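Notes follow the structure.
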Amino acid sequence: MTRTSYPLGIDVGGTGIKGAPVDLDKGAFASERIRFETPAGASPDAVADVIAQIVEHFADMIGDEPIGVTIPGVVQHGVVCTAANIDKAWIGTNAEELISAHIGRDVLVVNDADAAGIAENFYGAAKDTDGLVLVTTLGTGIGTAVINDGVLVPNSELGHIEVEGHDAETRAAHSAKEREELSYGKWAKRLTKYYTSLENLLWPDLFVVGGGVSKKAEKFLPLLDIRTPIVPAKLENAAGIVGAARLAHDRHVK
């Protein structure tokens, strides 16, 4: 039977807010995504207004299906606890209640790295992997998602573990490579120390590396000296939207 409605995923970032209905059987957009510029300052109400526009745009395709929204920050039970690249007014805000008030329906709000991790687990590089998977995004910082046998352990924030006396992401994120003009070889040495610290703490079965630099994975992943298999992410910029829709669907059907 052909589906007539799909869950909606919306990915809130510091520069853009993107959304699309998601075909959960395929892990792909059911329609071309729509994108709006993130409002200057990215205050809660301004972002919620943009989310409402995206919901309205896809109203005919989503019907009564659930809606998932990512936020670049820790989210506990719908409440935003940290705010990266968005207004600090988000901190302490119940984002689920706020956005629901703007769109007139329930919504699930999750951390953006967690959403991307779930997408990779169900549809991408970690599909059919048993055990513990760590998804890491190497960008301005290091985002992480911890998934054990398909179950998300939310808000892991493992980009901030201490490695040789430093917050790991300040030395190993892709932004550090660019800021210090590191070669891939020198950056790989820092990444080796970071991933070695993670594997000694958690003993994962697989690392998945996301972020824009994952498109150049062949230039640095083979240089890492670690025991755990490590592979590039597959869903790229679709991961947040797909993962948000999947998590919203899974909560809806519980």
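Simple scheme: letters A, B, ... for chains in structure tokens order, numbers from 1 for residues in each chain, numbers from 1 for ligands in the order shown.
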With only C-alpha atoms counted and 12 Å as the cut-off, give the residues of range 159-252 of chain A in contact with range 115-132 of chain A, each with its shortest interatomic distance in Å and the pair that gives it, as a Markdown table.
```
| residue | atom | partner | partner_atom | distance |
| --- | --- | --- | --- | --- |
| A:Leu198 | CA | A:Leu132 | CA | 11.9 |
| A:Glu199 | CA | A:Leu132 | CA | 10.6 |
| A:Leu202 | CA | A:Leu132 | CA | 8.4 |
| A:Trp203 | CA | A:Leu132 | CA | 7.8 |
| A:Pro204 | CA | A:Leu132 | CA | 4.9 |
| A:Asp205 | CA | A:Leu132 | CA | 5.3 |
| A:Leu206 | CA | A:Leu132 | CA | 6.8 |
| A:Phe207 | CA | A:Ala126 | CA | 8.5 |
| A:Val208 | CA | A:Ala125 | CA | 6.8 |
| A:Val209 | CA | A:Ala125 | CA | 9.1 |
| A:Gly210 | CA | A:Ala116 | CA | 8.5 |
| A:Gly211 | CA | A:Ala116 | CA | 9.9 |
| A:Ser214 | CA | A:Ala125 | CA | 11.7 |
| A:Thr228 | CA | A:Leu132 | CA | 11.0 |
| A:Pro229 | CA | A:Ala126 | CA | 11.0 |
| A:Ile230 | CA | A:Ala125 | CA | 9.8 |
| A:Val231 | CA | A:Ala125 | CA | 7.0 |
| A:Pro232 | CA | A:Ala125 | CA | 7.0 |
| A:Ala233 | CA | A:Ala125 | CA | 5.4 |
| A:Lys234 | CA | A:Gly124 | CA | 5.2 |
| A:Leu235 | CA | A:Gly124 | CA | 6.1 |
| A:Glu236 | CA | A:Ala116 | CA | 8.7 |
| A:Asn237 | CA | A:Ala116 | CA | 8.9 |
| A:Ala238 | CA | A:Ala116 | CA | 8.2 |
| A:Ala239 | CA | A:Ala116 | CA | 4.5 |
| A:Gly240 | CA | A:Ala116 | CA | 4.5 |
| A:Ile241 | CA | A:Ala115 | CA | 7.5 |
| A:Val242 | CA | A:Ala119 | CA | 5.8 |
| A:Gly243 | CA | A:Ala115 | CA | 4.2 |
| A:Ala244 | CA | A:Ala115 | CA | 5.2 |
| A:Ala245 | CA | A:Ala115 | CA | 8.5 |
| A:Arg246 | CA | A:Ala119 | CA | 7.5 |
| A:Leu247 | CA | A:Ala115 | CA | 7.4 |
| A:Ala248 | CA | A:Ala115 | CA | 10.0 |
| A:Asp250 | CA | A:Ile118 | CA | 11.1 |
```
Quick one: DSSP strand (DSSP E) residues in range 13-234 of chain A, as a VMD selection string?
chain A and resid 16 to 23 28 to 29 34 to 37 67 to 71 75 to 76 79 to 80 108 to 111 132 to 138 142 to 148 151 to 153 162 to 163 166 to 167 206 to 210 230 to 232
So that I can check the secondary structure, give me every residue of range 134-201 of chain A assigned alpha helix (DSSP H) by backbone DSSP, as a ChimeraX atom specification.
/A:168-172,174-179,184-201
With 12 Å as the cut-off and only C-alpha atoms counted, what is the closest atom pair between each nearby residue of range 86-111 of chain A and range 5-25 of chain A? Distances in Å to one decimal, ordered by chain and number, as a Markdown table.
```
| residue | atom | partner | partner_atom | distance |
| --- | --- | --- | --- | --- |
| A:Ile86 | CA | A:Gly14 | CA | 6.0 |
| A:Asp87 | CA | A:Gly14 | CA | 9.5 |
| A:Ile99 | CA | A:Ile10 | CA | 11.7 |
| A:Asp106 | CA | A:Leu8 | CA | 11.8 |
| A:Val107 | CA | A:Leu8 | CA | 9.8 |
| A:Leu108 | CA | A:Gly9 | CA | 9.7 |
| A:Val109 | CA | A:Ile10 | CA | 9.4 |
| A:Val110 | CA | A:Asp11 | CA | 9.7 |
| A:Asn111 | CA | A:Asp11 | CA | 9.7 |
```
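Taking only C-alpha atoms into account, Lys215 in chain A lies nearest to A:Leu138 out of the set A:Leu138, A:Ala40, A:Val153, A:Leu98.
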Between CA of Lys88 in chain A and CA of Ala42 in chain A, what distance in Å does the model show, to one decimal?
9.0 Å
Close residues, Glu96 in chain A itself excluded, 12 Å, only C-alpha atoms, min 4 positions apart in chain, as a PyMOL selection string:
chain A and resi 44+48+51+67-71+75-80+90+92+100-110+248
Env of Asp114 in chain A: 8 Å cut, atoms = only C-alpha atoms, seq-sep filter 5 positions within chain, self excluded. Answer as a VMD selection string.
chain A and resid 144 to 146 152 154 to 155 243
List the spatial neighbours of Ala172 in chain A as a tab-separated table (two decimals) with N, CA, C and O atoms, in the first residue's frame - criterion: any atom at most 12 Å away, only C-alpha atoms, same-chain residues fewer than 3 positions off excluded.
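The file below, around15.tsv, is the result:
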```tsv
chain	number	residue	atom	x	y	z
A	136	THR	N	30.48	10.31	15.49
A	136	THR	CA	31.13	11.58	15.83
A	136	THR	C	31.10	12.50	14.62
A	136	THR	O	31.37	12.07	13.50
A	137	THR	N	30.77	13.76	14.84
A	137	THR	CA	30.79	14.74	13.77
A	137	THR	C	31.94	15.70	14.00
A	137	THR	O	32.04	16.33	15.06
A	138	LEU	N	32.83	15.78	13.03
A	138	LEU	CA	34.03	16.63	13.13
A	138	LEU	C	33.78	17.92	12.37
A	138	LEU	O	33.90	17.97	11.15
A	139	GLY	N	33.41	18.97	13.10
A	139	GLY	CA	33.14	20.25	12.47
A	139	GLY	C	33.73	21.37	13.28
A	139	GLY	O	34.90	21.33	13.67
A	140	THR	N	32.91	22.39	13.57
A	140	THR	CA	33.35	23.48	14.45
A	140	THR	C	33.73	22.92	15.81
A	140	THR	O	34.71	23.33	16.43
A	141	GLY	N	32.94	21.96	16.28
A	141	GLY	CA	33.25	21.20	17.48
A	141	GLY	C	33.22	19.73	17.13
A	141	GLY	O	33.37	19.35	15.97
A	142	ILE	N	33.03	18.89	18.14
A	142	ILE	CA	32.85	17.46	17.91
A	142	ILE	C	31.54	17.05	18.56
A	142	ILE	O	31.41	17.08	19.79
A	143	GLY	N	30.57	16.72	17.73
A	143	GLY	CA	29.30	16.19	18.23
A	143	GLY	C	29.37	14.68	18.30
A	143	GLY	O	30.08	14.04	17.52
A	159	GLY	N	32.55	15.04	22.81
A	159	GLY	CA	33.55	15.90	22.22
A	159	GLY	C	34.31	16.70	23.26
A	159	GLY	O	35.36	17.29	22.97
A	160	HIS	N	33.79	16.70	24.49
A	160	HIS	CA	34.39	17.52	25.55
A	160	HIS	C	35.19	16.70	26.56
A	160	HIS	O	35.54	17.23	27.62
A	161	ILE	N	35.47	15.43	26.25
A	161	ILE	CA	36.34	14.70	27.17
A	161	ILE	C	37.72	15.35	27.19
A	161	ILE	O	38.12	16.01	26.22
A	162	GLU	N	38.43	15.16	28.27
A	162	GLU	CA	39.78	15.75	28.39
A	162	GLU	C	40.81	14.80	27.78
A	162	GLU	O	40.86	13.61	28.13
A	163	VAL	N	41.60	15.32	26.87
A	163	VAL	CA	42.69	14.56	26.27
A	163	VAL	C	43.97	15.37	26.42
A	163	VAL	O	44.06	16.49	25.91
A	164	GLU	N	44.93	14.84	27.16
A	164	GLU	CA	46.21	15.51	27.42
A	164	GLU	C	46.01	16.94	27.95
A	164	GLU	O	46.69	17.88	27.53
A	166	HIS	N	43.46	18.96	27.61
A	166	HIS	CA	42.66	19.88	26.80
A	166	HIS	C	41.26	19.31	26.57
A	166	HIS	O	41.07	18.09	26.50
A	167	ASP	N	40.27	20.21	26.43
A	167	ASP	CA	38.96	19.81	25.92
A	167	ASP	C	39.18	19.27	24.50
A	167	ASP	O	39.71	19.97	23.63
A	168	ALA	N	38.80	18.03	24.26
A	168	ALA	CA	39.19	17.34	23.03
A	168	ALA	C	38.85	18.12	21.77
A	168	ALA	O	39.66	18.20	20.84
A	169	GLU	N	37.66	18.72	21.73
A	169	GLU	CA	37.26	19.35	20.48
A	169	GLU	C	38.09	20.59	20.15
A	169	GLU	O	38.21	20.97	18.98
A	175	SER	N	37.70	22.33	12.87
A	175	SER	CA	38.02	23.75	12.99
A	175	SER	C	39.44	23.95	13.51
A	175	SER	O	40.12	24.91	13.13
A	176	ALA	N	39.93	23.04	14.37
A	176	ALA	CA	41.30	23.15	14.87
A	176	ALA	C	42.30	22.88	13.75
A	176	ALA	O	43.34	23.54	13.66
A	177	LYS	N	41.98	21.92	12.89
A	177	LYS	CA	42.85	21.64	11.73
A	177	LYS	C	42.99	22.89	10.86
A	177	LYS	O	44.09	23.25	10.44
A	178	GLU	N	41.85	23.54	10.60
A	178	GLU	CA	41.87	24.73	9.74
A	178	GLU	C	42.54	25.90	10.45
A	178	GLU	O	43.34	26.62	9.84
A	179	ARG	N	42.23	26.10	11.72
A	179	ARG	CA	42.76	27.25	12.47
A	179	ARG	C	44.28	27.18	12.57
A	179	ARG	O	44.96	28.19	12.42
A	180	GLU	N	44.80	25.97	12.79
A	180	GLU	CA	46.24	25.81	12.97
A	180	GLU	C	46.94	25.37	11.69
A	180	GLU	O	48.15	25.12	11.69
A	182	LEU	N	46.86	22.58	10.02
A	182	LEU	CA	47.49	21.28	10.19
A	182	LEU	C	47.38	20.46	8.91
A	182	LEU	O	46.36	20.51	8.21
A	184	TYR	N	46.91	16.77	7.06
A	184	TYR	CA	46.06	15.64	7.45
A	184	TYR	C	46.84	14.69	8.36
A	184	TYR	O	46.27	14.08	9.28
A	186	LYS	N	49.23	15.43	10.62
A	186	LYS	CA	49.31	15.95	11.98
A	186	LYS	C	47.94	15.93	12.65
A	186	LYS	O	47.83	15.64	13.85
A	187	TRP	N	46.90	16.22	11.88
A	187	TRP	CA	45.55	16.17	12.44
A	187	TRP	C	45.20	14.73	12.83
A	187	TRP	O	44.60	14.48	13.87
A	188	ALA	N	45.60	13.78	11.99
A	188	ALA	CA	45.31	12.37	12.26
A	188	ALA	C	45.94	11.91	13.58
A	188	ALA	O	45.37	11.08	14.30
A	189	LYS	N	47.10	12.46	13.92
A	189	LYS	CA	47.72	12.10	15.19
A	189	LYS	C	46.85	12.56	16.36
A	189	LYS	O	46.71	11.85	17.36
A	190	ARG	N	46.27	13.76	16.24
A	190	ARG	CA	45.38	14.25	17.29
A	190	ARG	C	44.10	13.41	17.34
A	190	ARG	O	43.59	13.10	18.42
A	191	LEU	N	43.58	13.08	16.16
A	191	LEU	CA	42.37	12.25	16.12
A	191	LEU	C	42.63	10.87	16.72
A	191	LEU	O	41.75	10.31	17.39
A	192	THR	N	43.81	10.33	16.47
A	192	THR	CA	44.16	9.03	17.05
A	192	THR	C	44.09	9.08	18.57
A	192	THR	O	43.53	8.18	19.22
A	193	LYS	N	44.63	10.15	19.16
A	193	LYS	CA	44.58	10.29	20.62
A	193	LYS	C	43.14	10.42	21.11
A	193	LYS	O	42.77	9.84	22.14
A	194	TYR	N	42.33	11.16	20.36
A	194	TYR	CA	40.93	11.34	20.75
A	194	TYR	C	40.17	10.02	20.69
A	194	TYR	O	39.52	9.60	21.67
A	195	TYR	N	40.26	9.34	19.54
A	195	TYR	CA	39.50	8.10	19.39
A	195	TYR	C	40.04	6.99	20.30
A	195	TYR	O	39.27	6.15	20.77
```
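Look at Thr196 in chain A: the protein and nucleic acid residues within 9 Å of it, using only C-alpha atoms and passing over chain neighbours fewer than 6 places away, are A:Asp225, A:Ile226, A:Arg227, A:Thr228.
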What would the file look like if the residues just selected were written as a short mmCIF file (atom, residue, chain, number, x, y, z; two decimals), in the first residue's frame with N, CA and C atoms?
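This went into part.cif:
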```cif
data_model
loop_
_atom_site.label_atom_id
_atom_site.label_comp_id
_atom_site.auth_asym_id
_atom_site.auth_seq_id
_atom_site.Cartn_x
_atom_site.Cartn_y
_atom_site.Cartn_z
N ASP A 225 45.56 5.32 13.99
CA ASP A 225 46.10 4.09 14.58
C ASP A 225 45.24 3.70 15.78
N ILE A 226 44.09 3.08 15.51
CA ILE A 226 43.17 2.66 16.57
C ILE A 226 42.71 1.23 16.28
N ARG A 227 42.16 0.57 17.29
CA ARG A 227 41.76 -0.83 17.11
C ARG A 227 40.33 -0.98 16.59
N THR A 228 39.51 0.05 16.79
CA THR A 228 38.09 -0.04 16.44
C THR A 228 37.88 0.30 14.97
#
```
